[in-house]
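Enquirer: Below is a structure I'd like to ask you about.
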Amino acid sequence: IRVMDFGMAVQSRLPCGTEIRYFDAVGKPYYMAPECYESRDEIVNVVAPFHAAPGAVVFVRHPNRAFEVRLPAGARPGHWCRAQALGYAAQPFDAFAVGVCILIMLTHRPPWDEAKFSDKCYKYVDWYGLPALYQKWGRVMAPDAEQVAVGLTHADPSRRLSMQDALDLPWFKDF
């Protein structure tokens, strides 16, 4: 099977190698990664995560959305700060969409309407995990397929599988 859709094809890096970040939400809602619902503001108020250092790029959660920011130099873990909103990178966004495609092919339905915390199914997945949602629906997924789907649809783009990492997993060895 080959799945291709170049309707929203974009450049992911500049010729010098710098990653390009985008701010406009594109695509059908259930394929869109959580970070694409980014604030349109350049600066956002966030609580600096305990694991992050000043200047770090981190994934933060707000009540109805989640996105990546760069923490300011004076950020203190656990305290509010004004951070630079970073938009999203194309490759992790695309990996998420491929993960949703795989889930739809395996289960014959999208797992959520939107990857936002205001969506009941997405919130359930965020709290309990994707396998719990499918178990609740009475669906069973093969462990190797589950590993790919969970890895590609991880909320945090820095922890999401790259496409190459997904292709290296056992589920793809027979293809």
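Identifiers in this document derive from the order of the structure tokens: chains are assigned A, B, ..., residues are numbered from 1 separately in each chain, and ligands are numbered from 1 in order of occurrence.
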At a cut-off of 8 Å, using only C-alpha atoms, what residues contact region 54-58 of chain A? Leave out same-chain residues fewer than 6 positions from it and give the result as a PyMOL selection string.

Expert: chain A and resi 68-76

Enquirer: Can you pull out every residue from chain A that DSSP, working from the backbone, puts in strand (DSSP E or B), and format the result as a PDB file with N, CA, C and O atoms, in the first residue's frame?

Expert:
ATOM      1  N   ARG A  13      13.109  22.021   5.405  1.00  0.00           N
ATOM      2  CA  ARG A  13      14.378  22.641   5.804  1.00  0.00           C
ATOM      3  C   ARG A  13      14.828  23.653   4.759  1.00  0.00           C
ATOM      4  O   ARG A  13      14.571  23.491   3.576  1.00  0.00           O
ATOM      5  N   GLU A  19      15.670  23.953  10.209  1.00  0.00           N
ATOM      6  CA  GLU A  19      14.295  23.463  10.158  1.00  0.00           C
ATOM      7  C   GLU A  19      13.320  24.629  10.021  1.00  0.00           C
ATOM      8  O   GLU A  19      13.447  25.626  10.719  1.00  0.00           O
ATOM      9  N   ARG A  21       9.566  26.138  10.485  1.00  0.00           N
ATOM     10  CA  ARG A  21       8.415  25.930  11.358  1.00  0.00           C
ATOM     11  C   ARG A  21       7.219  26.665  10.777  1.00  0.00           C
ATOM     12  O   ARG A  21       7.356  27.731  10.203  1.00  0.00           O
ATOM     13  N   TYR A  22       6.049  26.067  10.939  1.00  0.00           N
ATOM     14  CA  TYR A  22       4.817  26.609  10.369  1.00  0.00           C
ATOM     15  C   TYR A  22       3.821  26.949  11.473  1.00  0.00           C
ATOM     16  O   TYR A  22       3.861  26.377  12.563  1.00  0.00           O
ATOM     17  N   ILE A  43       4.209  35.330  21.604  1.00  0.00           N
ATOM     18  CA  ILE A  43       4.613  35.066  22.985  1.00  0.00           C
ATOM     19  C   ILE A  43       3.403  34.514  23.740  1.00  0.00           C
ATOM     20  O   ILE A  43       2.295  35.041  23.616  1.00  0.00           O
ATOM     21  N   VAL A  44       3.608  33.440  24.488  1.00  0.00           N
ATOM     22  CA  VAL A  44       2.520  32.826  25.251  1.00  0.00           C
ATOM     23  C   VAL A  44       2.950  32.640  26.701  1.00  0.00           C
ATOM     24  O   VAL A  44       4.139  32.475  26.993  1.00  0.00           O
ATOM     25  N   ASN A  45       1.989  32.677  27.601  1.00  0.00           N
ATOM     26  CA  ASN A  45       2.247  32.423  29.014  1.00  0.00           C
ATOM     27  C   ASN A  45       2.158  30.930  29.277  1.00  0.00           C
ATOM     28  O   ASN A  45       1.132  30.306  28.963  1.00  0.00           O
ATOM     29  N   VAL A  46       3.224  30.358  29.817  1.00  0.00           N
ATOM     30  CA  VAL A  46       3.278  28.920  30.099  1.00  0.00           C
ATOM     31  C   VAL A  46       3.956  28.693  31.442  1.00  0.00           C
ATOM     32  O   VAL A  46       4.681  29.557  31.939  1.00  0.00           O
ATOM     33  N   VAL A  47       3.734  27.522  32.007  1.00  0.00           N
ATOM     34  CA  VAL A  47       4.478  27.095  33.184  1.00  0.00           C
ATOM     35  C   VAL A  47       5.675  26.305  32.681  1.00  0.00           C
ATOM     36  O   VAL A  47       5.517  25.335  31.929  1.00  0.00           O
ATOM     37  N   VAL A  57      13.676  24.153  24.086  1.00  0.00           N
ATOM     38  CA  VAL A  57      12.426  23.986  23.344  1.00  0.00           C
ATOM     39  C   VAL A  57      11.664  22.871  24.051  1.00  0.00           C
ATOM     40  O   VAL A  57      12.196  21.769  24.232  1.00  0.00           O
ATOM     41  N   VAL A  58      10.438  23.175  24.468  1.00  0.00           N
ATOM     42  CA  VAL A  58       9.644  22.198  25.213  1.00  0.00           C
ATOM     43  C   VAL A  58       8.219  22.127  24.682  1.00  0.00           C
ATOM     44  O   VAL A  58       7.708  23.083  24.100  1.00  0.00           O
ATOM     45  N   PHE A  59       7.603  20.999  24.904  1.00  0.00           N
ATOM     46  CA  PHE A  59       6.202  20.774  24.566  1.00  0.00           C
ATOM     47  C   PHE A  59       5.397  21.095  25.821  1.00  0.00           C
ATOM     48  O   PHE A  59       5.656  20.537  26.885  1.00  0.00           O
ATOM     49  N   VAL A  60       4.450  22.020  25.706  1.00  0.00           N
ATOM     50  CA  VAL A  60       3.639  22.415  26.868  1.00  0.00           C
ATOM     51  C   VAL A  60       2.170  22.173  26.574  1.00  0.00           C
ATOM     52  O   VAL A  60       1.733  22.188  25.420  1.00  0.00           O
ATOM     53  N   ARG A  61       1.422  21.961  27.628  1.00  0.00           N
ATOM     54  CA  ARG A  61      -0.004  21.702  27.516  1.00  0.00           C
ATOM     55  C   ARG A  61      -0.787  22.846  28.131  1.00  0.00           C
ATOM     56  O   ARG A  61      -0.442  23.324  29.203  1.00  0.00           O
ATOM     57  N   ALA A  66      -1.962  21.914  22.942  1.00  0.00           N
ATOM     58  CA  ALA A  66      -0.572  21.676  23.348  1.00  0.00           C
ATOM     59  C   ALA A  66       0.319  22.132  22.202  1.00  0.00           C
ATOM     60  O   ALA A  66      -0.057  22.026  21.038  1.00  0.00           O
ATOM     61  N   PHE A  67       1.498  22.639  22.529  1.00  0.00           N
ATOM     62  CA  PHE A  67       2.383  23.153  21.491  1.00  0.00           C
ATOM     63  C   PHE A  67       3.799  23.290  22.012  1.00  0.00           C
ATOM     64  O   PHE A  67       4.065  23.116  23.194  1.00  0.00           O
ATOM     65  N   GLU A  68       4.713  23.621  21.096  1.00  0.00           N
ATOM     66  CA  GLU A  68       6.118  23.793  21.443  1.00  0.00           C
ATOM     67  C   GLU A  68       6.451  25.272  21.610  1.00  0.00           C
ATOM     68  O   GLU A  68       5.959  26.114  20.856  1.00  0.00           O
ATOM     69  N   VAL A  69       7.292  25.549  22.599  1.00  0.00           N
ATOM     70  CA  VAL A  69       7.762  26.912  22.858  1.00  0.00           C
ATOM     71  C   VAL A  69       9.247  26.872  23.169  1.00  0.00           C
ATOM     72  O   VAL A  69       9.791  25.827  23.530  1.00  0.00           O
ATOM     73  N   ARG A  70       9.893  28.025  23.051  1.00  0.00           N
ATOM     74  CA  ARG A  70      11.265  28.182  23.544  1.00  0.00           C
ATOM     75  C   ARG A  70      11.163  28.972  24.834  1.00  0.00           C
ATOM     76  O   ARG A  70      10.613  30.078  24.865  1.00  0.00           O
ATOM     77  N   TRP A  80       5.401  30.374  36.070  1.00  0.00           N
ATOM     78  CA  TRP A  80       4.911  30.980  34.837  1.00  0.00           C
ATOM     79  C   TRP A  80       6.017  31.811  34.197  1.00  0.00           C
ATOM     80  O   TRP A  80       6.829  32.422  34.895  1.00  0.00           O
ATOM     81  N   CYS A  81       6.027  31.796  32.866  1.00  0.00           N
ATOM     82  CA  CYS A  81       6.959  32.636  32.115  1.00  0.00           C
ATOM     83  C   CYS A  81       6.334  32.969  30.769  1.00  0.00           C
ATOM     84  O   CYS A  81       5.343  32.365  30.356  1.00  0.00           O
ATOM     85  N   ARG A  82       6.908  33.935  30.100  1.00  0.00           N
ATOM     86  CA  ARG A  82       6.456  34.319  28.756  1.00  0.00           C
ATOM     87  C   ARG A  82       7.428  33.686  27.763  1.00  0.00           C
ATOM     88  O   ARG A  82       8.589  34.070  27.714  1.00  0.00           O
ATOM     89  N   ALA A  83       6.947  32.709  27.004  1.00  0.00           N
ATOM     90  CA  ALA A  83       7.793  31.935  26.106  1.00  0.00           C
ATOM     91  C   ALA A  83       7.453  32.221  24.647  1.00  0.00           C
ATOM     92  O   ALA A  83       6.330  32.612  24.314  1.00  0.00           O
ATOM     93  N   GLN A  84       8.423  31.990  23.784  1.00  0.00           N
ATOM     94  CA  GLN A  84       8.242  32.190  22.347  1.00  0.00           C
ATOM     95  C   GLN A  84       7.541  30.979  21.742  1.00  0.00           C
ATOM     96  O   GLN A  84       8.028  29.851  21.837  1.00  0.00           O
ATOM     97  N   ALA A  85       6.377  31.188  21.133  1.00  0.00           N
ATOM     98  CA  ALA A  85       5.678  30.119  20.426  1.00  0.00           C
ATOM     99  C   ALA A  85       6.471  29.753  19.174  1.00  0.00           C
ATOM    100  O   ALA A  85       6.969  30.632  18.473  1.00  0.00           O
ATOM    101  N   TYR A  88       5.040  24.606  14.331  1.00  0.00           N
ATOM    102  CA  TYR A  88       5.308  23.168  14.244  1.00  0.00           C
ATOM    103  C   TYR A  88       6.211  22.876  13.056  1.00  0.00           C
ATOM    104  O   TYR A  88       6.284  23.634  12.090  1.00  0.00           O
ATOM    105  N   ALA A  89       6.909  21.759  13.149  1.00  0.00           N
ATOM    106  CA  ALA A  89       7.778  21.296  12.065  1.00  0.00           C
ATOM    107  C   ALA A  89       6.988  20.312  11.193  1.00  0.00           C
ATOM    108  O   ALA A  89       6.152  19.564  11.690  1.00  0.00           O
TER     109      ALA A  89
END

Enquirer: Using only C-alpha atoms, which of the listed residues (A:Asn64, A:Ser12, A:Thr18, A:Thr107) sits closest to Arg139 (chain A)?

Expert: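 For Arg139 (chain A), the nearest of the given residues is A:Thr107.
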
Enquirer: Residues of region 2-102 of chain A in helix (DSSP H, G or I) according to DSSP, as a list in words?

Expert: Pro29, Tyr30, Tyr31, Pro34, Glu35, Cys36, Tyr37, Ala90, Gln91, Pro92, Phe93, Asp94, Ala95, Phe96, Ala97, Val98, Gly99, Val100, Cys101 and Ile102 of chain A

Enquirer: Could those selected residues go to a file with C-alpha atoms, as a CSV table (one decimal), in the first residue's frame?

Expert:
chain,number,residue,atom,x,y,z
A,29,PRO,CA,-8.9,17.8,11.7
A,30,TYR,CA,-8.4,14.1,12.7
A,31,TYR,CA,-5.0,13.9,10.9
A,34,PRO,CA,-1.8,18.6,18.5
A,35,GLU,CA,1.0,21.1,18.0
A,36,CYS,CA,-0.6,22.5,14.9
A,37,TYR,CA,-3.4,24.1,17.0
A,90,ALA,CA,6.5,19.5,9.0
A,91,GLN,CA,8.1,16.1,9.5
A,92,PRO,CA,6.7,15.3,12.9
A,93,PHE,CA,3.4,16.7,11.8
A,94,ASP,CA,3.4,14.3,8.8
A,95,ALA,CA,4.4,11.3,11.0
A,96,PHE,CA,1.4,12.0,13.2
A,97,ALA,CA,-0.9,12.0,10.1
A,98,VAL,CA,0.6,8.7,8.9
A,99,GLY,CA,0.0,7.2,12.4
A,100,VAL,CA,-3.7,8.3,12.1
A,101,CYS,CA,-3.9,6.7,8.6
A,102,ILE,CA,-2.5,3.4,10.0

Enquirer: Mind checking which residues fall within 12 Å of region 124-127 of chain A, counting only C-alpha atoms, ignoring those fewer than 3 positions away in the same chain, and posting them as a list in words?

Expert: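 Everything that qualifies: Pro34, Arg61, Asn64, Arg65, Ala66, Pro111, Trp112, Glu114, Ala115, Lys116, Phe117, Ser118, Asp119, Lys120, Cys121, Leu130, Pro131, Ala132, Leu133, Tyr134, Gln135, Lys136, Val150, Thr153, His154, Ala155 and Asp156 of chain A.
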
Enquirer: Write a file of the selected residues as a PDB file, in the first residue's frame, keeping C-alpha atoms.

Expert:
ATOM      1  CA  PRO A  34      -1.770  18.560  18.493  1.00  0.00           C
ATOM      2  CA  ARG A  61      -0.004  21.702  27.516  1.00  0.00           C
ATOM      3  CA  ASN A  64      -7.489  22.680  25.213  1.00  0.00           C
ATOM      4  CA  ARG A  65      -4.250  22.496  23.238  1.00  0.00           C
ATOM      5  CA  ALA A  66      -0.572  21.676  23.348  1.00  0.00           C
ATOM      6  CA  PRO A 111      -9.482   7.559  16.717  1.00  0.00           C
ATOM      7  CA  TRP A 112     -10.672  11.134  17.435  1.00  0.00           C
ATOM      8  CA  GLU A 114      -9.372  16.472  16.629  1.00  0.00           C
ATOM      9  CA  ALA A 115      -6.100  16.015  18.535  1.00  0.00           C
ATOM     10  CA  LYS A 116      -7.183  18.588  21.121  1.00  0.00           C
ATOM     11  CA  PHE A 117      -7.853  18.085  24.807  1.00  0.00           C
ATOM     12  CA  SER A 118     -11.402  19.353  24.253  1.00  0.00           C
ATOM     13  CA  ASP A 119     -12.033  16.221  22.126  1.00  0.00           C
ATOM     14  CA  LYS A 120     -13.270  13.412  24.419  1.00  0.00           C
ATOM     15  CA  CYS A 121     -11.495  10.579  22.596  1.00  0.00           C
ATOM     16  CA  LEU A 130      -4.229   4.549  22.674  1.00  0.00           C
ATOM     17  CA  PRO A 131      -4.461   0.826  23.547  1.00  0.00           C
ATOM     18  CA  ALA A 132      -7.001   1.656  26.286  1.00  0.00           C
ATOM     19  CA  LEU A 133      -9.219   3.466  23.770  1.00  0.00           C
ATOM     20  CA  TYR A 134      -9.240   0.504  21.395  1.00  0.00           C
ATOM     21  CA  GLN A 135      -9.850  -1.895  24.250  1.00  0.00           C
ATOM     22  CA  LYS A 136     -12.809   0.275  25.305  1.00  0.00           C
ATOM     23  CA  VAL A 150       1.393   4.669  19.437  1.00  0.00           C
ATOM     24  CA  THR A 153       0.757   9.535  17.297  1.00  0.00           C
ATOM     25  CA  HIS A 154       2.618  10.584  20.440  1.00  0.00           C
ATOM     26  CA  ALA A 155       1.420  14.046  21.490  1.00  0.00           C
ATOM     27  CA  ASP A 156       4.919  15.445  22.054  1.00  0.00           C
TER      28      ASP A 156
END

Enquirer: Expressed in Å to a single decimal, how great is the separation between CA of Leu161 (chain A) and CA of Val148 (chain A)?

Expert: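 Between CA of Leu161 (chain A) and CA of Val148 (chain A) the gap is 8.1 Å.
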
Enquirer: For Asp41 (chain A), which residue among A:Gly87, A:Pro110, A:Pro170, A:Pro157 is the nearest when counting only C-alpha atoms?

Expert: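 Among the listed residues, A:Gly87 lies closest to Asp41 (chain A).
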
Enquirer: Restricting the calculation to only C-alpha atoms, which member of A:Val10, A:Pro63, A:Phe175, A:Leu86 is positioned closest to Arg40 (chain A)?

Expert: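 Counting only C-alpha atoms, the residue closest to Arg40 (chain A) is A:Leu86.
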
Enquirer: With a distance cut-off of 12 Å and only C-alpha atoms, select the neighbouring residues of Phe172 (chain A), excluding the residue or stretch itself and same-chain residues fewer than 2 positions from it, and output the selection as a CSV table (one decimal) with C-alpha atoms, in the first residue's frame.

Expert:
chain,number,residue,atom,x,y,z
A,1,ILE,CA,0.0,0.0,0.0
A,102,ILE,CA,-2.5,3.4,10.0
A,144,ASP,CA,3.8,-4.7,16.5
A,145,ALA,CA,1.1,-2.6,14.9
A,146,GLU,CA,0.3,-1.0,18.2
A,147,GLN,CA,4.0,0.0,18.7
A,148,VAL,CA,4.0,1.8,15.4
A,149,ALA,CA,0.6,3.5,15.9
A,163,MET,CA,9.2,7.9,9.8
A,164,GLN,CA,12.6,6.1,9.5
A,165,ASP,CA,12.3,4.9,13.1
A,166,ALA,CA,8.8,3.6,12.4
A,167,LEU,CA,10.0,1.8,9.3
A,168,ASP,CA,12.7,0.1,11.3
A,169,LEU,CA,10.2,-1.5,13.7
A,170,PRO,CA,9.2,-5.2,13.4
A,174,ASP,CA,7.4,-8.1,6.3
A,175,PHE,CA,6.6,-5.3,3.8

Enquirer: CA of Gly129 (chain A) and CA of Gly151 (chain A) are how many Å apart?

Expert: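 Rounded to one decimal, the two atoms are 11.1 Å apart.
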